[in-house]
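K.L.:
Compact mmCIF, C-alpha atoms and all ligand atoms, file structure-v5.txt:
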```
# COMPACT_ATOMS: atom_id res chain seq x y z
CA MET A 146 19.87 49.27 -39.61
CA CYS A 147 23.39 50.15 -40.65
CA ILE A 148 25.91 47.88 -38.99
CA VAL A 149 29.53 48.87 -39.37
CA THR A 150 32.32 46.55 -38.44
CA GLU A 151 35.05 49.13 -38.42
CA VAL A 152 35.15 52.84 -37.72
CA ARG A 153 36.34 54.67 -40.80
CA THR A 154 39.01 57.22 -40.03
CA ASP A 155 39.67 58.61 -43.53
CA ARG A 156 39.63 62.20 -42.37
CA VAL A 157 41.93 61.85 -39.36
CA THR A 158 45.67 61.62 -39.15
CA PRO A 159 46.66 57.99 -39.59
CA GLY A 160 47.59 56.47 -36.28
CA SER A 161 46.08 59.33 -34.28
CA GLN A 162 44.47 57.64 -31.27
CA THR A 163 42.88 60.92 -30.18
CA SER A 164 41.10 61.39 -33.51
CA LEU A 165 39.94 57.78 -33.52
CA ARG A 166 38.55 58.20 -30.01
CA GLU A 167 36.76 61.40 -31.05
CA ALA A 168 35.25 59.63 -34.06
CA ASN A 169 34.08 56.79 -31.80
CA ARG A 170 32.56 59.25 -29.30
CA ALA A 171 30.70 61.05 -32.10
CA ARG A 172 29.44 57.70 -33.39
CA ILE A 173 28.06 56.75 -29.99
CA VAL A 174 26.36 60.14 -29.42
CA SER A 175 24.89 60.04 -32.93
CA ALA A 176 23.47 56.53 -32.34
CA VAL A 177 21.84 57.66 -29.06
CA GLN A 178 20.42 60.77 -30.78
CA GLN A 179 18.94 58.65 -33.56
CA ARG A 180 17.36 56.00 -31.36
CA GLY A 181 16.52 57.98 -28.21
CA SER A 182 17.77 55.30 -25.85
CA LEU A 183 19.81 52.10 -26.20
CA THR A 184 21.47 49.58 -23.95
CA GLN A 185 25.25 49.37 -24.06
CA VAL A 186 24.97 46.01 -25.85
CA GLU A 187 22.70 47.59 -28.50
CA LEU A 188 25.15 50.48 -28.82
CA ALA A 189 27.97 48.04 -29.53
CA GLY A 190 25.81 46.30 -32.17
CA THR A 191 24.77 49.58 -33.83
CA THR A 192 28.18 51.23 -33.89
CA GLY A 193 30.31 48.15 -34.52
CA LEU A 194 32.53 49.12 -31.59
CA SER A 195 33.62 46.58 -29.01
CA PRO A 196 31.60 46.36 -25.75
CA ALA A 197 34.69 47.47 -23.81
CA THR A 198 35.16 50.57 -25.97
CA VAL A 199 31.45 51.42 -25.68
CA SER A 200 31.59 51.00 -21.90
CA ASN A 201 34.64 53.26 -21.58
CA ILE A 202 33.24 56.01 -23.80
CA VAL A 203 29.80 55.90 -22.14
CA LYS A 204 31.49 56.25 -18.73
CA GLU A 205 33.55 59.19 -19.96
CA LEU A 206 30.60 60.99 -21.63
CA SER A 207 28.38 60.41 -18.57
CA ALA A 208 30.99 62.07 -16.37
CA ALA A 209 31.10 64.97 -18.86
CA GLY A 210 27.30 65.42 -18.58
CA VAL A 211 26.64 64.42 -22.20
CA LEU A 212 25.08 61.00 -21.63
CA HIS A 213 22.88 59.64 -18.87
CA THR A 214 22.76 55.97 -17.85
CA ALA A 215 20.07 54.20 -15.86
CA PRO A 216 19.60 50.55 -14.86
CA SER A 217 16.99 48.73 -16.94
CA THR A 218 16.07 45.23 -18.07
CA ARG A 219 16.04 43.85 -21.61
CA SER A 220 14.72 40.34 -22.28
CA GLY A 221 14.84 39.63 -18.55
CA ARG A 222 18.51 40.65 -18.23
CA ARG A 223 19.88 43.63 -16.40
CA ALA A 224 21.22 46.32 -18.70
CA GLN A 225 22.41 49.93 -18.63
CA LEU A 226 20.10 52.15 -20.69
CA VAL A 227 21.95 55.07 -22.28
CA THR A 228 20.23 58.39 -23.14
CA LEU A 229 21.39 61.95 -23.75
CA ALA A 230 21.51 64.10 -20.63
CA ARG A 231 18.97 66.89 -20.17
CA SER A 232 21.74 69.40 -19.72
CA LEU A 233 22.03 69.45 -23.51
CA GLY A 234 18.72 71.31 -23.75
CA LEU A 235 15.07 70.70 -24.59
CA VAL A 236 13.04 70.44 -27.77
CA ALA A 237 9.31 70.98 -28.27
CA GLY A 238 6.96 69.19 -30.67
CA VAL A 239 3.52 70.56 -31.57
CA HIS A 240 0.86 68.68 -33.51
CA PHE A 241 -2.18 70.60 -34.75
CA GLY A 242 -5.05 68.20 -35.38
CA ALA A 243 -8.47 69.04 -36.75
CA ARG A 244 -9.98 69.47 -33.27
CA SER A 245 -7.09 69.62 -30.84
CA MET A 246 -3.44 70.42 -30.42
CA ARG A 247 -0.86 68.19 -28.73
CA VAL A 248 2.38 69.56 -27.36
CA ALA A 249 5.30 67.48 -26.08
CA LEU A 250 8.51 68.66 -24.47
CA ALA A 251 11.51 66.31 -24.52
CA ASP A 252 15.18 66.24 -23.63
CA ALA A 253 17.94 65.67 -26.17
CA SER A 254 17.43 61.89 -25.94
CA LEU A 255 13.81 62.40 -27.04
CA ARG A 256 12.60 61.32 -23.59
CA VAL A 257 9.26 63.11 -23.14
CA ILE A 258 9.28 65.28 -20.01
CA SER A 259 5.88 66.88 -20.35
CA GLU A 260 2.90 66.55 -22.69
CA GLU A 261 -0.40 68.42 -22.95
CA ARG A 262 -3.47 68.32 -25.16
CA MET A 263 -5.66 71.36 -25.77
CA PRO A 264 -8.96 71.46 -27.71
CA LEU A 265 -9.18 73.73 -30.77
CA ALA A 266 -12.36 75.18 -32.26
CA PRO A 267 -13.21 73.70 -35.68
CA ASP A 268 -12.09 76.05 -38.48
CA HIS A 269 -10.01 78.18 -36.10
CA ARG A 270 -7.63 80.68 -37.69
CA ALA A 271 -3.93 79.87 -37.98
CA ASP A 272 -2.80 82.89 -35.93
CA VAL A 273 -5.09 81.87 -33.04
CA GLY A 274 -3.75 78.31 -33.08
CA LEU A 275 -0.13 79.43 -33.29
CA ARG A 276 -0.55 81.90 -30.40
CA ARG A 277 -2.04 79.16 -28.23
CA ALA A 278 0.77 76.77 -29.16
CA ALA A 279 3.39 79.36 -28.22
CA MET A 280 1.73 80.01 -24.85
CA LEU A 281 1.42 76.31 -24.10
CA VAL A 282 5.08 75.58 -24.95
CA GLU A 283 6.18 78.47 -22.70
CA GLU A 284 3.93 77.30 -19.84
CA MET A 285 5.19 73.74 -20.12
CA ALA A 286 8.84 74.85 -20.22
CA ALA A 287 8.21 76.92 -17.08
CA SER A 288 6.50 73.96 -15.36
CA VAL A 289 9.66 71.83 -15.75
CA GLU A 290 11.77 74.80 -14.60
CA ALA A 291 13.57 75.09 -17.93
CA GLY A 292 15.97 78.01 -17.87
CA ALA A 293 16.28 80.74 -20.48
CA GLY A 294 17.98 79.38 -23.57
CA GLU A 295 17.24 75.76 -22.67
CA LEU A 296 14.71 75.38 -25.51
CA LEU A 297 16.79 74.56 -28.59
CA ALA A 298 14.25 74.10 -31.38
CA VAL A 299 10.57 73.49 -32.09
CA GLY A 300 8.93 71.08 -34.55
CA ILE A 301 5.38 71.69 -35.79
CA GLY A 302 2.98 69.38 -37.63
CA VAL A 303 -0.13 70.59 -39.45
CA PRO A 304 -2.75 68.46 -41.28
CA ALA A 305 -2.02 69.91 -44.74
CA PRO A 306 0.89 69.82 -47.22
CA VAL A 307 3.75 72.08 -46.14
CA ASP A 308 6.62 73.59 -48.10
CA VAL A 309 9.35 72.72 -45.58
CA ARG A 310 11.82 75.18 -47.11
CA THR A 311 9.61 78.12 -46.10
CA GLY A 312 7.50 76.54 -43.32
CA THR A 313 4.35 77.58 -45.21
CA VAL A 314 1.09 75.66 -45.74
CA SER A 315 1.34 75.01 -49.48
CA SER A 316 -2.11 73.67 -50.49
CA ALA A 317 -5.21 75.83 -50.57
CA GLY A 318 -8.55 74.62 -49.21
CA LEU A 319 -7.37 71.56 -47.27
CA LEU A 320 -7.14 73.28 -43.89
CA ARG A 321 -9.58 76.13 -43.51
CA GLY A 322 -8.09 79.21 -41.87
CA TRP A 323 -4.50 78.06 -42.59
CA ASP A 324 -4.09 78.66 -46.35
CA GLY A 325 -0.64 80.15 -46.94
CA ALA A 326 0.04 80.42 -43.19
CA GLU A 327 3.72 81.19 -42.59
CA VAL A 328 3.99 78.89 -39.57
CA GLY A 329 7.80 78.73 -39.42
CA THR A 330 8.28 82.49 -39.66
CA GLU A 331 5.62 83.32 -37.06
CA LEU A 332 6.75 80.83 -34.43
CA GLY A 333 10.43 81.40 -35.17
CA ALA A 334 9.94 85.07 -34.29
CA THR A 335 8.08 84.14 -31.08
CA PHE A 336 10.59 81.62 -29.76
CA GLY A 337 13.83 82.92 -31.24
CA VAL A 338 14.93 79.34 -31.98
CA PRO A 339 14.86 77.26 -35.20
CA VAL A 340 11.35 76.02 -36.06
CA GLY A 341 10.75 73.10 -38.43
CA VAL A 342 7.29 72.67 -39.98
CA ASP A 343 5.94 69.66 -41.84
CA ASN A 344 2.77 67.81 -42.72
CA ASP A 345 1.51 65.84 -39.71
CA ALA A 346 1.37 62.47 -41.48
CA ASN A 347 4.98 63.00 -42.61
CA LEU A 348 5.94 63.53 -38.98
CA GLY A 349 4.01 60.41 -37.95
CA ALA A 350 5.89 58.49 -40.65
CA LEU A 351 9.24 59.79 -39.45
CA ALA A 352 8.45 58.91 -35.82
CA GLU A 353 7.22 55.40 -36.64
CA ALA A 354 10.25 54.78 -38.89
CA ARG A 355 12.78 55.99 -36.31
CA LEU A 356 11.16 55.12 -32.98
CA GLY A 357 8.01 53.08 -33.55
CA ALA A 358 6.48 50.13 -35.40
CA GLY A 359 8.49 50.89 -38.57
CA ALA A 360 11.93 50.89 -36.90
CA GLY A 361 14.29 48.55 -38.76
CA TYR A 362 12.18 48.53 -41.95
CA ASP A 363 12.87 50.40 -45.19
CA PRO A 364 10.95 51.87 -46.96
CA VAL A 365 8.20 52.67 -44.46
CA VAL A 366 4.74 53.87 -45.53
CA TYR A 367 2.59 55.47 -42.83
CA LEU A 368 -1.15 56.13 -43.10
CA ARG A 369 -2.85 58.46 -40.67
CA VAL A 370 -6.61 57.82 -40.66
CA SER A 371 -8.51 60.24 -38.50
CA HIS A 372 -10.68 63.24 -39.33
CA GLY A 373 -9.05 63.13 -42.79
CA VAL A 374 -6.53 60.73 -44.29
CA GLY A 375 -2.83 61.54 -44.63
CA GLY A 376 0.23 59.56 -45.55
CA GLY A 377 4.00 59.71 -45.35
CA ILE A 378 6.84 57.76 -46.99
CA VAL A 379 10.29 57.26 -45.43
CA LEU A 380 13.02 56.03 -47.78
CA GLY A 381 16.50 55.30 -46.46
CA GLY A 382 15.61 57.07 -43.20
CA GLN A 383 14.54 60.27 -45.00
CA LEU A 384 11.06 61.61 -45.73
CA LEU A 385 9.99 61.71 -49.36
CA ARG A 386 8.36 65.13 -49.63
CA GLY A 387 8.18 65.90 -53.35
CA ARG A 388 8.27 69.43 -54.78
CA ARG A 389 6.06 71.24 -52.26
CA GLY A 390 5.42 68.65 -49.57
CA ALA A 391 2.46 66.88 -51.18
CA ALA A 392 4.16 63.47 -51.67
CA GLY A 393 2.35 60.59 -49.97
CA GLU A 394 -1.03 62.40 -49.83
CA ILE A 395 -2.89 59.13 -50.06
CA GLY A 396 -6.15 60.69 -48.84
CA HIS A 397 -6.51 62.21 -52.30
CA VAL A 398 -5.75 59.11 -54.34
CA THR A 399 -8.74 58.31 -56.60
CA ILE A 400 -10.72 55.25 -55.52
CA ASP A 401 -13.75 55.90 -57.76
CA GLU A 402 -13.48 58.43 -60.56
CA ASN A 403 -17.26 58.91 -60.49
CA GLY A 404 -17.40 59.04 -56.70
CA PRO A 405 -18.43 61.88 -54.35
CA VAL A 406 -16.80 65.32 -54.64
CA CYS A 407 -13.93 65.73 -52.16
CA ARG A 408 -12.95 68.87 -50.21
CA CYS A 409 -9.94 69.12 -52.57
CA GLY A 410 -12.31 69.56 -55.54
CA ASN A 411 -11.69 66.16 -57.13
CA ARG A 412 -14.02 63.18 -57.21
CA GLY A 413 -13.86 59.84 -55.45
CA CYS A 414 -10.74 60.45 -53.32
CA LEU A 415 -9.99 57.88 -50.59
CA GLU A 416 -11.01 60.50 -48.02
CA THR A 417 -14.55 60.60 -49.43
CA PHE A 418 -14.83 56.91 -48.41
CA VAL A 419 -13.01 56.77 -45.08
CA GLY A 420 -12.95 60.35 -43.67
CA SER A 421 -14.50 60.45 -40.17
CA HIS A 422 -17.53 62.51 -41.28
CA VAL A 423 -18.26 59.90 -43.97
CA LEU A 424 -18.00 56.98 -41.53
CA VAL A 425 -20.27 58.54 -38.91
CA GLY A 426 -22.63 59.64 -41.71
CA MET A 427 -23.20 55.98 -42.63
CA LEU A 428 -24.83 55.51 -39.22
CA ALA A 429 -26.75 58.82 -39.31
CA GLY A 430 -30.02 57.06 -38.48
CA ARG A 431 -28.71 56.44 -34.96
CA GLY A 432 -28.45 60.12 -34.01
CA HIS A 433 -25.27 62.07 -33.39
CA LEU A 434 -22.27 59.76 -33.26
CA THR A 435 -18.54 60.51 -33.19
CA LEU A 436 -15.74 58.42 -34.69
CA ALA A 437 -14.90 57.31 -31.13
CA ASP A 438 -18.48 56.00 -30.78
CA VAL A 439 -18.20 54.02 -34.02
CA ILE A 440 -14.86 52.49 -32.96
CA ALA A 441 -16.19 51.64 -29.48
CA GLY A 442 -19.33 50.10 -31.05
CA ALA A 443 -17.25 47.99 -33.43
CA LEU A 444 -14.99 46.76 -30.62
CA ALA A 445 -18.10 45.91 -28.55
CA GLY A 446 -19.45 43.79 -31.43
CA ASP A 447 -22.09 46.13 -32.89
CA ALA A 448 -22.74 44.79 -36.42
CA GLY A 449 -23.37 48.19 -38.08
CA CYS A 450 -20.23 49.76 -36.60
CA ARG A 451 -18.19 46.70 -37.58
CA ARG A 452 -19.43 46.96 -41.16
CA VAL A 453 -18.41 50.62 -41.33
CA VAL A 454 -14.89 49.83 -40.01
CA TYR A 455 -14.55 46.76 -42.26
CA ASP A 456 -15.45 48.72 -45.40
CA ALA A 457 -13.03 51.48 -44.39
CA GLY A 458 -10.29 48.84 -44.04
CA GLN A 459 -11.03 47.53 -47.54
CA HIS A 460 -10.88 51.00 -49.09
CA LEU A 461 -7.63 51.74 -47.26
CA GLY A 462 -6.19 48.46 -48.55
CA VAL A 463 -7.07 49.35 -52.16
CA ALA A 464 -5.46 52.80 -51.90
CA ALA A 465 -2.44 51.44 -50.00
CA ALA A 466 -1.94 48.76 -52.68
CA ASN A 467 -1.64 51.47 -55.35
CA LEU A 468 0.99 53.22 -53.26
CA CYS A 469 2.78 49.92 -52.50
CA ASN A 470 3.00 49.07 -56.21
CA ILE A 471 4.95 52.31 -56.66
CA VAL A 472 7.04 52.49 -53.47
CA ASP A 473 7.38 48.75 -52.63
CA PRO A 474 7.66 49.28 -48.86
CA GLU A 475 8.60 46.66 -46.30
CA VAL A 476 5.89 47.83 -43.93
CA VAL A 477 2.71 49.90 -43.89
CA VAL A 478 2.07 51.41 -40.45
CA VAL A 479 -1.47 52.59 -39.72
CA GLY A 480 -2.07 55.38 -37.21
CA GLY A 481 -4.65 58.05 -36.46
CA GLN A 482 -7.84 57.56 -34.44
CA LEU A 483 -9.33 54.85 -36.67
CA ALA A 484 -6.29 52.64 -35.93
CA GLU A 485 -7.80 52.20 -32.44
CA ALA A 486 -10.17 49.69 -34.08
CA GLY A 487 -7.10 47.42 -34.35
CA GLU A 488 -7.46 44.17 -36.29
CA LEU A 489 -11.09 45.00 -37.18
CA LEU A 490 -9.58 47.61 -39.51
CA LEU A 491 -6.24 45.97 -40.36
CA ASP A 492 -7.58 42.52 -41.32
CA PRO A 493 -9.75 43.66 -44.27
CA MET A 494 -7.01 46.14 -45.18
CA ARG A 495 -4.42 43.34 -45.40
CA THR A 496 -6.74 41.22 -47.54
CA ALA A 497 -7.40 44.04 -50.02
CA LEU A 498 -3.72 44.95 -50.08
CA GLU A 499 -2.62 41.38 -50.75
CA GLN A 500 -5.16 41.01 -53.57
CA ARG A 501 -3.96 44.14 -55.34
CA THR A 502 -0.20 44.30 -54.88
CA LEU A 503 2.06 42.60 -57.39
CA PRO A 504 3.03 39.12 -56.18
CA SER A 505 6.55 39.23 -54.81
CA ALA A 506 8.96 36.56 -53.63
CA ALA A 507 9.22 38.61 -50.43
CA GLY A 508 5.45 38.41 -49.91
CA PRO A 509 3.13 41.40 -49.41
CA PRO A 510 4.29 44.28 -47.19
CA GLN A 511 3.48 43.90 -43.51
CA VAL A 512 0.58 45.97 -42.18
CA LEU A 513 1.10 47.04 -38.57
CA ALA A 514 -0.73 49.31 -36.15
CA THR A 515 1.06 52.38 -34.84
CA SER A 516 3.11 51.76 -31.71
CA LEU A 517 3.24 55.45 -30.80
CA GLY A 518 -0.55 55.95 -30.84
CA ALA A 519 -2.12 59.40 -30.80
CA TRP A 520 1.24 61.00 -30.00
CA ALA A 521 3.07 59.71 -33.11
CA GLU A 522 2.90 63.06 -34.92
CA ALA A 523 4.04 65.07 -31.88
CA ARG A 524 6.93 62.61 -31.46
CA GLY A 525 7.82 63.19 -35.12
CA ALA A 526 7.80 66.94 -34.45
CA LEU A 527 10.29 66.31 -31.62
CA VAL A 528 12.52 64.33 -34.02
CA VAL A 529 12.46 67.25 -36.50
CA ALA A 530 13.29 69.73 -33.72
CA LEU A 531 16.21 67.63 -32.49
CA ASP A 532 17.57 67.19 -36.02
CA LEU A 533 17.35 70.97 -36.48
CA ALA A 534 19.19 71.65 -33.22
CA ARG A 535 21.90 69.20 -34.23
CA ASP A 536 22.20 70.62 -37.76
CA ARG A 537 22.42 74.20 -36.47
CA GLY A 538 25.01 73.18 -33.92
CA THR A 539 22.94 74.41 -30.95
CA LEU A 540 22.86 70.98 -29.29
CA GLY A 541 25.48 71.17 -26.58
CA VAL A 542 27.39 68.07 -27.64
CA GLY A 543 31.05 68.76 -27.19
CA VAL A 544 32.35 65.83 -29.19
ZN ZN B 1 -9.50 64.85 -52.40
```
Using structure tokens, write down the structure that the file contains.
Ligand SMILES: [Zn+2]

P.N.:
Amino acid sequence: MCIVTEVRTDRVTPGSQTSLREANRARIVSAVQQRGSLTQVELAGTTGLSPATVSNIVKELSAAGVLHTAPSTRSGRRAQLVTLARSLGLVAGVHFGARSMRVALADASLRVISEERMPLAPDHRADVGLRRAAMLVEEMAASVEAGAGELLAVGIGVPAPVDVRTGTVSSAGLLRGWDGAEVGTELGATFGVPVGVDNDANLGALAEARLGAGAGYDPVVYLRVSHGVGGGIVLGGQLLRGRRGAAGEIGHVTIDENGPVCRCGNRGCLETFVGSHVLVGMLAGRGHLTLADVIAGALAGDAGCRRVVYDAGQHLGVAAANLCNIVDPEVVVVGGQLAEAGELLLDPMRTALEQRTLPSAAGPPQVLATSLGAWAEARGALVVALDLARDRGTLGVGV
């Protein structure tokens, strides 16, 4: 976290109290936008402003309808929790998974107002999925009585590499029915607001780094282990995307160069060892199982299910160690459905990671479970949407 002890006023007239006050107001609003919600004490710590200055500015911006305060408790003490007021507008976040779509609607403090999950047919076409997403966002906005123009921006996550400059799915064959889909253009035309599109694991990484288990760490590596395996890297608060959005695609790191053929056309990718269809396939003799069944079995003590989860943890640790030796992160956050197995997955992963990362005086990177759960990627889509609204100047912050 960046702690400043003094507000820099290089660009304002020396001695101008008005300009200094404006800079301080902008600093407070920016801190609340970044973190979603903070107590006044936390705001003082983050901005470097005195508690009295924070209190005065929060009072002033609350009266102006920019901020909202509510009583709360932190560490057993009473505190005023500060968020952005809804009057600034709403943002929507959509996460397309392999089998379902999650949509969240939030205010400008990233407080979720409404969230819905809708099943999707396997191998559905992109245009069908996008039409459903548009309908669901409109229905949800109507259900919270959002007025025309209240929706400021939309963030979208898809389980494939995305060229964020064009909002287009940039890898062929990884998401059937979506090759080359111009997601940003199509939904931008539907909503008439800025639309940001990114890989879902990147969005999960961004959400965990800003709001979840990775907050306060840098760099943050995020692994999303579900139907497939995705990854995201956040350096200095920013996503590392690479040329066309394929950076951090840990699912296609080679674990065994003579291993099984992967859907990407290569051999022995991590995904061919820990993808959900592979894990359930290991227990094929027991009839039709889902990944949820395997996780529930492991948590209930079933030896076969535990073995499957343990081996998956080891493979993830090997692949994560390769990534850690390049990125040297402070923390590896594990999300996606398989993370529901908790320590049964993370323990063997830690062991494999520690064995294979270069010894460091700082010790191996921490391995933590997601704190945002199944909604991490949708929350990341909300973060992208809010950043877009702020960058385009559509967020109604008059400071
Ligand atoms: Zn592959």

K.L.:
Neighbours of ligand ZN 1 (chain B) at 7 Å or closer, counting all atoms listed in the file: which residues, as a VMD selection string?

P.N.:
chain A and resid 396 to 397 407 to 412 414 416

K.L.:
Pull C-alpha atoms from the residues just selected and write them as a PDB file, in the frame of the given file.

P.N.:
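File out.pdb, as written:
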```pdb
ATOM      1  CA  GLY A 396      -6.150  60.690 -48.840  1.00  0.00           C
ATOM      2  CA  HIS A 397      -6.510  62.210 -52.300  1.00  0.00           C
ATOM      3  CA  CYS A 407     -13.930  65.730 -52.160  1.00  0.00           C
ATOM      4  CA  ARG A 408     -12.950  68.870 -50.210  1.00  0.00           C
ATOM      5  CA  CYS A 409      -9.940  69.120 -52.570  1.00  0.00           C
ATOM      6  CA  GLY A 410     -12.310  69.560 -55.540  1.00  0.00           C
ATOM      7  CA  ASN A 411     -11.690  66.160 -57.130  1.00  0.00           C
ATOM      8  CA  ARG A 412     -14.020  63.180 -57.210  1.00  0.00           C
ATOM      9  CA  CYS A 414     -10.740  60.450 -53.320  1.00  0.00           C
ATOM     10  CA  GLU A 416     -11.010  60.500 -48.020  1.00  0.00           C
TER      11      GLU A 416
END
```

K.L.:
Here is a test: counting only C-alpha atoms, which residue of A:Leu444, A:Ala429, A:Val236, A:Ala358 is nearest to Pro339 of chain A?

P.N.:
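Under the stated criterion, the closest residue is A:Val236.
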
K.L.:
Just need the box for segment 178-193 of chain A, edges along x, y and z, holding every atom the file lists for it with 8 Å tacked onto each side, so centre and edge lengths in Å to one decimal, as JSON.

P.N.:
```
{"center_x": 23.4, "center_y": 53.4, "center_z": -29.2, "size_x": 29.8, "size_y": 30.8, "size_z": 26.6}
```

K.L.:
What's the 10 Å shell around segment 171-180 of chain A, counting all atoms listed in the file, without same-chain residues fewer than 5 positions away, as a VMD selection string?

P.N.:
chain A and resid 152 165 to 166 185 187 to 189 191 to 194 199 202 to 203 206 211 to 212 227 to 229 253 to 255 355 to 356 360 528 531 to 532 535 542 to 544

K.L.:
Once you count all atoms listed in the file, which residues end up no further than 10 Å from (4.6, 78.2, -40.2) in the file's frame, shown as a PyMOL selection string?

P.N.:
chain A and resi 271-272+275+301-303+307-309+311-314+323+325-333+340-343

K.L.:
May I have the residues within 8 Å of Val366 of chain A as a list in words, using only C-alpha atoms and disregarding those fewer than 6 positions away in the same chain?

P.N.:
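Contacts, in chain order: Ala350, Gly376, Gly377, Ile378, Val379, Pro474, Val476, Val477 and Val478 of chain A.
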
K.L.:
Rounded to one decimal, what separation in Å do you get between atom CA of Thr502 of chain A and atom CA of Asp473 of chain A?

P.N.:
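Separation of atom CA of Thr502 of chain A and atom CA of Asp473 of chain A: 9.1 Å.
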
K.L.:
I'd like the interatomic distance between atom CA of Gln459 of chain A and atom CA of Gly361 of chain A, to a tenth of an Å.

P.N.:
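Interatomic distance, atom CA of Gln459 of chain A to atom CA of Gly361 of chain A: 26.8 Å.
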
K.L.:
Measure the distance from atom CA of Gly238 of chain A to atom CA of Glu488 of chain A in Å and round it to one decimal.

P.N.:
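Atom CA of Glu488 of chain A lies at a distance of 29.4 Å from atom CA of Gly238 of chain A.
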
K.L.:
Between A:Leu348, A:Ala484, A:Ala243, A:Ile440, which one has atoms that come closest to Ala523 of chain A, using all atoms listed in the file?

P.N.:
A:Leu348

K.L.:
Looking at all atoms listed in the file, which of A:Ala279, A:Ala168, A:Ala317, A:Val338 is the one that sits closest to Ala530 of chain A?

P.N.:
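Comparing A:Ala279, A:Ala168, A:Ala317, A:Val338 against Ala530 of chain A, the winner is A:Val338.
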
K.L.:
Go through A:Thr335, A:Gly449, A:Gly462, A:Ala286 one by one, measure the shortest atom-to-atom distance of each to Gly430 of chain A using all atoms listed in the file, and give the residue with the smallest value.

P.N.:
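Distance minimum relative to Gly430 of chain A lands on A:Gly449.
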
K.L.:
Could you give me, as a tab-separated table, every segment 357-385 of chain A residue with an atom at most 12 Å from segment 423-426 of chain A, plus its closest atom pair and distance in Å to one decimal, counting all atoms listed in the file, rows ordered by chain then number?

P.N.:
```
residue	atom	partner	partner_atom	distance
A:Val370	CA	A:Leu424	CA	11.5
A:Ser371	CA	A:Leu424	CA	10.5
A:His372	CA	A:Val423	CA	9.5
A:Gly373	CA	A:Val423	CA	9.8
A:Val374	CA	A:Val423	CA	11.8
```

K.L.:
Write a file for segment 480-492 of chain A of the given structure; include N, CA and C atoms and format it as a PDB file, in the first residue's frame.

P.N.:
```pdb
ATOM      1  N   GLY A 480      -8.208 -19.724  -6.673  1.00  0.00           N
ATOM      2  CA  GLY A 480      -9.666 -19.635  -6.759  1.00  0.00           C
ATOM      3  C   GLY A 480     -10.209 -20.660  -7.724  1.00  0.00           C
ATOM      4  N   GLY A 481     -11.453 -20.476  -8.146  1.00  0.00           N
ATOM      5  CA  GLY A 481     -12.125 -21.466  -8.992  1.00  0.00           C
ATOM      6  C   GLY A 481     -12.732 -22.553  -8.115  1.00  0.00           C
ATOM      7  N   GLN A 482     -13.527 -23.420  -8.726  1.00  0.00           N
ATOM      8  CA  GLN A 482     -14.304 -24.402  -7.953  1.00  0.00           C
ATOM      9  C   GLN A 482     -13.429 -25.339  -7.127  1.00  0.00           C
ATOM     10  N   LEU A 483     -12.267 -25.744  -7.673  1.00  0.00           N
ATOM     11  CA  LEU A 483     -11.441 -26.711  -6.939  1.00  0.00           C
ATOM     12  C   LEU A 483     -10.910 -26.126  -5.628  1.00  0.00           C
ATOM     13  N   ALA A 484     -10.848 -24.788  -5.539  1.00  0.00           N
ATOM     14  CA  ALA A 484     -10.385 -24.152  -4.301  1.00  0.00           C
ATOM     15  C   ALA A 484     -11.321 -24.453  -3.135  1.00  0.00           C
ATOM     16  N   GLU A 485     -12.553 -24.911  -3.440  1.00  0.00           N
ATOM     17  CA  GLU A 485     -13.489 -25.272  -2.358  1.00  0.00           C
ATOM     18  C   GLU A 485     -12.972 -26.459  -1.551  1.00  0.00           C
ATOM     19  N   ALA A 486     -11.999 -27.196  -2.091  1.00  0.00           N
ATOM     20  CA  ALA A 486     -11.400 -28.308  -1.328  1.00  0.00           C
ATOM     21  C   ALA A 486     -10.486 -27.792  -0.224  1.00  0.00           C
ATOM     22  N   GLY A 487     -10.200 -26.497  -0.230  1.00  0.00           N
ATOM     23  CA  GLY A 487      -9.447 -25.858   0.859  1.00  0.00           C
ATOM     24  C   GLY A 487      -8.060 -26.441   1.037  1.00  0.00           C
ATOM     25  N   GLU A 488      -7.696 -26.709   2.299  1.00  0.00           N
ATOM     26  CA  GLU A 488      -6.337 -27.153   2.618  1.00  0.00           C
ATOM     27  C   GLU A 488      -6.007 -28.515   1.988  1.00  0.00           C
ATOM     28  N   LEU A 489      -7.021 -29.308   1.664  1.00  0.00           N
ATOM     29  CA  LEU A 489      -6.744 -30.599   1.013  1.00  0.00           C
ATOM     30  C   LEU A 489      -6.033 -30.373  -0.316  1.00  0.00           C
ATOM     31  N   LEU A 490      -6.316 -29.231  -0.956  1.00  0.00           N
ATOM     32  CA  LEU A 490      -5.660 -28.864  -2.208  1.00  0.00           C
ATOM     33  C   LEU A 490      -4.402 -28.024  -1.945  1.00  0.00           C
ATOM     34  N   LEU A 491      -4.522 -27.069  -1.001  1.00  0.00           N
ATOM     35  CA  LEU A 491      -3.440 -26.097  -0.811  1.00  0.00           C
ATOM     36  C   LEU A 491      -2.216 -26.691  -0.121  1.00  0.00           C
ATOM     37  N   ASP A 492      -2.412 -27.653   0.772  1.00  0.00           N
ATOM     38  CA  ASP A 492      -1.273 -28.253   1.487  1.00  0.00           C
ATOM     39  C   ASP A 492      -0.270 -28.912   0.535  1.00  0.00           C
TER      40      ASP A 492
END
```
